[in-house]
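First up is the structure itself, then whatever we jot down about it.
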Amino acid sequence: MAVGPPLVYFDQTVSIIKKKDATGFSRDICAVLLLANITRCFFWLGEHFEFALLVQSLLMILCQLALLYICVLYRPRLTPENLGAPSRLLSFWQWPTYSQHIEFLAGYIVLLTILVLIFGRVDAFIWLLGFFALGLESTLPLPQFISNYKQRSLYGFRMSTLVGWVGGDSFKTVYFFAQGSPLQFKICAIFQLSIDIAIIGQRLVYGDAPPPATLAEEDDLEQALALGEE
């Protein structure tokens, strides 16, 4: 239980390293998983849920930190940070360096530490902390869905990652209903699984051919090499 979810991203990581290109994989997935699992660790301080789930969160944080580094290192050339035209407020999660992402996460940890020290004995706060972590994690497939829609292709997104999502979210949904978990758990699980299924639909409609932007980059590179040889 603790090792399975982080391993879902092993094949995706290897694929990016081999191609030296993170095109097709949404870096926002790292943001969702890092923030959700960091919050879950603080939630554990107020309500000791199953220890295996805490270990899972810690392993997922390490996994996503490594994947984030690789995504920043091999980010596509046609990205907002490379073009100098960020499309988000304060360039959130579109920063050009890995250290800027780490600084943000460190600030988030400091903020949670202060809040837990002040409100750690308030049951409502602990409940909200857990609900925020769960709700945030339920949006996990959404950035990838949006990325696929924008480039009209699943190029660069590994099928093994999608299979891991569908399998894990299906099991989680059945588990919540079988255990009679609170309504918010069931709603979040159904929402997450529905986005997984929508991505399967995108796979069938779009396929995994390289998007036009990637092909254009390759053509530019070939022209540059040809000019260099002349």
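Letters A, B, ... go to the chains of the structure tokens in the order shown; residues in each chain start at 1; ligands are counted from 1 in the same order.
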
Do a neighbour search on Gly130 of chain A at 12 Å with only C-alpha atoms, toss out local chain neighbours closer than 3 positions, and write the hits as an MDAnalysis selection string.
chainID A and resid 36:49 123:127 133:137 184:185

Just to be explicit: take each residue in the selection above, keep N, CA, C and O atoms, and write the result as a compact mmCIF listing (two decimals), in the first residue's frame.
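Contents of out-v1.txt, as written:
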# COMPACT_ATOMS: atom_id res chain seq x y z
N ALA A 36 -0.75 18.09 -1.63
CA ALA A 36 -1.72 17.20 -0.97
C ALA A 36 -1.04 16.31 0.06
O ALA A 36 -1.55 16.14 1.18
N ASN A 37 0.10 15.75 -0.27
CA ASN A 37 0.76 14.82 0.65
C ASN A 37 1.47 15.53 1.79
O ASN A 37 1.54 15.00 2.90
N ILE A 38 1.99 16.72 1.54
CA ILE A 38 2.54 17.51 2.64
C ILE A 38 1.43 17.86 3.63
O ILE A 38 1.60 17.75 4.85
N THR A 39 0.27 18.27 3.11
CA THR A 39 -0.87 18.58 3.98
C THR A 39 -1.33 17.36 4.74
O THR A 39 -1.67 17.44 5.93
N ARG A 40 -1.31 16.20 4.08
CA ARG A 40 -1.75 14.97 4.75
C ARG A 40 -0.82 14.61 5.91
O ARG A 40 -1.27 14.10 6.94
N CYS A 41 0.47 14.88 5.76
CA CYS A 41 1.41 14.62 6.85
C CYS A 41 1.08 15.47 8.07
O CYS A 41 1.15 15.00 9.22
N PHE A 42 0.73 16.72 7.84
CA PHE A 42 0.34 17.59 8.96
C PHE A 42 -1.00 17.16 9.54
O PHE A 42 -1.23 17.28 10.75
N PHE A 43 -1.89 16.66 8.69
CA PHE A 43 -3.17 16.14 9.16
C PHE A 43 -2.96 14.96 10.11
O PHE A 43 -3.67 14.80 11.10
N TRP A 44 -1.95 14.14 9.82
CA TRP A 44 -1.64 12.98 10.66
C TRP A 44 -1.26 13.42 12.08
O TRP A 44 -1.53 12.70 13.05
N LEU A 45 -0.66 14.60 12.21
CA LEU A 45 -0.29 15.08 13.54
C LEU A 45 -1.51 15.33 14.40
O LEU A 45 -1.46 15.20 15.63
N GLY A 46 -2.64 15.67 13.77
CA GLY A 46 -3.86 15.93 14.52
C GLY A 46 -4.77 14.73 14.63
O GLY A 46 -5.55 14.62 15.58
N GLU A 47 -4.67 13.84 13.65
CA GLU A 47 -5.50 12.63 13.66
C GLU A 47 -4.69 11.48 13.07
O GLU A 47 -4.48 11.40 11.87
N HIS A 48 -4.25 10.58 13.94
CA HIS A 48 -3.36 9.50 13.53
C HIS A 48 -4.10 8.44 12.72
O HIS A 48 -4.61 7.47 13.27
N PHE A 49 -4.13 8.63 11.39
CA PHE A 49 -4.71 7.61 10.53
C PHE A 49 -3.68 6.50 10.32
O PHE A 49 -2.61 6.51 10.93
N ASP A 123 -10.66 20.83 16.63
CA ASP A 123 -11.10 19.71 15.80
C ASP A 123 -11.53 20.16 14.41
O ASP A 123 -11.28 19.47 13.41
N ALA A 124 -12.19 21.30 14.33
CA ALA A 124 -12.67 21.80 13.03
C ALA A 124 -11.51 22.08 12.09
O ALA A 124 -11.59 21.81 10.87
N PHE A 125 -10.42 22.61 12.63
CA PHE A 125 -9.25 22.89 11.80
C PHE A 125 -8.63 21.61 11.26
O PHE A 125 -8.28 21.52 10.09
N ILE A 126 -8.51 20.60 12.14
CA ILE A 126 -7.95 19.32 11.72
C ILE A 126 -8.82 18.69 10.64
O ILE A 126 -8.33 18.13 9.65
N TRP A 127 -10.14 18.79 10.81
CA TRP A 127 -11.07 18.23 9.81
C TRP A 127 -10.90 18.94 8.48
O TRP A 127 -10.86 18.32 7.42
N ALA A 133 -6.64 18.27 1.96
CA ALA A 133 -5.69 17.33 1.37
C ALA A 133 -6.40 16.36 0.44
O ALA A 133 -5.94 16.08 -0.68
N LEU A 134 -7.53 15.85 0.89
CA LEU A 134 -8.30 14.89 0.09
C LEU A 134 -8.87 15.55 -1.16
O LEU A 134 -8.80 15.01 -2.26
N GLY A 135 -9.45 16.74 -0.99
CA GLY A 135 -10.03 17.45 -2.13
C GLY A 135 -8.99 17.83 -3.16
O GLY A 135 -9.23 17.73 -4.37
N LEU A 136 -7.82 18.26 -2.69
CA LEU A 136 -6.75 18.64 -3.61
C LEU A 136 -6.27 17.44 -4.41
O LEU A 136 -6.06 17.52 -5.62
N GLU A 137 -6.12 16.31 -3.72
CA GLU A 137 -5.66 15.10 -4.40
C GLU A 137 -6.67 14.61 -5.44
O GLU A 137 -6.29 14.02 -6.45
N GLN A 184 -17.95 13.04 1.68
CA GLN A 184 -16.95 13.80 0.95
C GLN A 184 -15.86 12.90 0.36
O GLN A 184 -15.32 13.18 -0.71
N PHE A 185 -15.54 11.79 1.07
CA PHE A 185 -14.57 10.83 0.55
C PHE A 185 -15.09 10.22 -0.74
O PHE A 185 -14.35 10.07 -1.72

Proximity check segment 60-159 of chain A to segment 186-194 of chain A, 7 Å, nearest pairs one decimal Å, only C-alpha atoms, as a Markdown table:
| residue | atom | partner | partner_atom | distance |
| --- | --- | --- | --- | --- |
| A:Gly135 | CA | A:Cys188 | CA | 6.2 |
| A:Ser138 | CA | A:Gln192 | CA | 4.9 |
| A:Thr139 | CA | A:Gln192 | CA | 6.3 |
| A:Pro141 | CA | A:Gln192 | CA | 6.8 |

Take the residues that were just selected and, keeping C-alpha atoms, output them as a PDB file, in the first residue's frame.
ATOM      1  CA  GLY A 135     -10.030  17.448  -2.125  1.00  0.00           C
ATOM      2  CA  SER A 138      -8.972  14.449  -6.164  1.00  0.00           C
ATOM      3  CA  THR A 139      -7.997  17.080  -8.763  1.00  0.00           C
ATOM      4  CA  PRO A 141      -5.809  14.035 -13.172  1.00  0.00           C
TER       5      PRO A 141
END

Hey, what does DSSP flag as alpha helix (DSSP H) within segment 33-198 of chain A? Can you give it to me as a ChimeraX atom specification?
/A:33-46,51-73,80-83,98-119,123-138,141-151,159-178,183-198

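The coordinates place atom CA of Ser160 of chain A at 7.7 Å from atom CA of Gln12 of chain A.
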
I'd like a table as JSON lines: residues in segment 4-51 of chain A with an atom no more than 9 Å from segment 90-108 of chain A, each row giving the shortest atom pair and its distance in Å to one decimal, only C-alpha atoms counted, sorted by chain and rising residue number.
{"residue": "A:Arg27", "atom": "CA", "partner": "A:Trp93", "partner_atom": "CA", "distance": 8.0}
{"residue": "A:Asp28", "atom": "CA", "partner": "A:Trp93", "partner_atom": "CA", "distance": 7.2}
{"residue": "A:Ala31", "atom": "CA", "partner": "A:Trp93", "partner_atom": "CA", "distance": 7.4}
{"residue": "A:Leu34", "atom": "CA", "partner": "A:Leu105", "partner_atom": "CA", "distance": 8.2}
{"residue": "A:Leu35", "atom": "CA", "partner": "A:Leu105", "partner_atom": "CA", "distance": 7.8}
{"residue": "A:Ile38", "atom": "CA", "partner": "A:Tyr108", "partner_atom": "CA", "distance": 8.9}

Expected file: the selected residues, N, CA and C atoms, as a short mmCIF file (atom, residue, chain, number, x, y, z; two decimals), in the first residue's frame:
data_model
loop_
_atom_site.label_atom_id
_atom_site.label_comp_id
_atom_site.auth_asym_id
_atom_site.auth_seq_id
_atom_site.Cartn_x
_atom_site.Cartn_y
_atom_site.Cartn_z
N ARG A 27 3.48 19.26 -15.43
CA ARG A 27 4.24 19.48 -14.20
C ARG A 27 3.32 19.79 -13.02
N ASP A 28 2.09 20.24 -13.31
CA ASP A 28 1.13 20.55 -12.25
C ASP A 28 0.75 19.31 -11.44
N ALA A 31 2.77 19.37 -8.51
CA ALA A 31 2.29 20.37 -7.55
C ALA A 31 1.14 19.80 -6.71
N LEU A 34 2.48 16.98 -4.33
CA LEU A 34 3.34 17.50 -3.27
C LEU A 34 2.52 18.25 -2.21
N LEU A 35 1.66 19.15 -2.65
CA LEU A 35 0.86 19.93 -1.70
C LEU A 35 -0.11 19.03 -0.93
N ILE A 38 1.99 16.72 1.54
CA ILE A 38 2.54 17.51 2.64
C ILE A 38 1.43 17.86 3.63
#
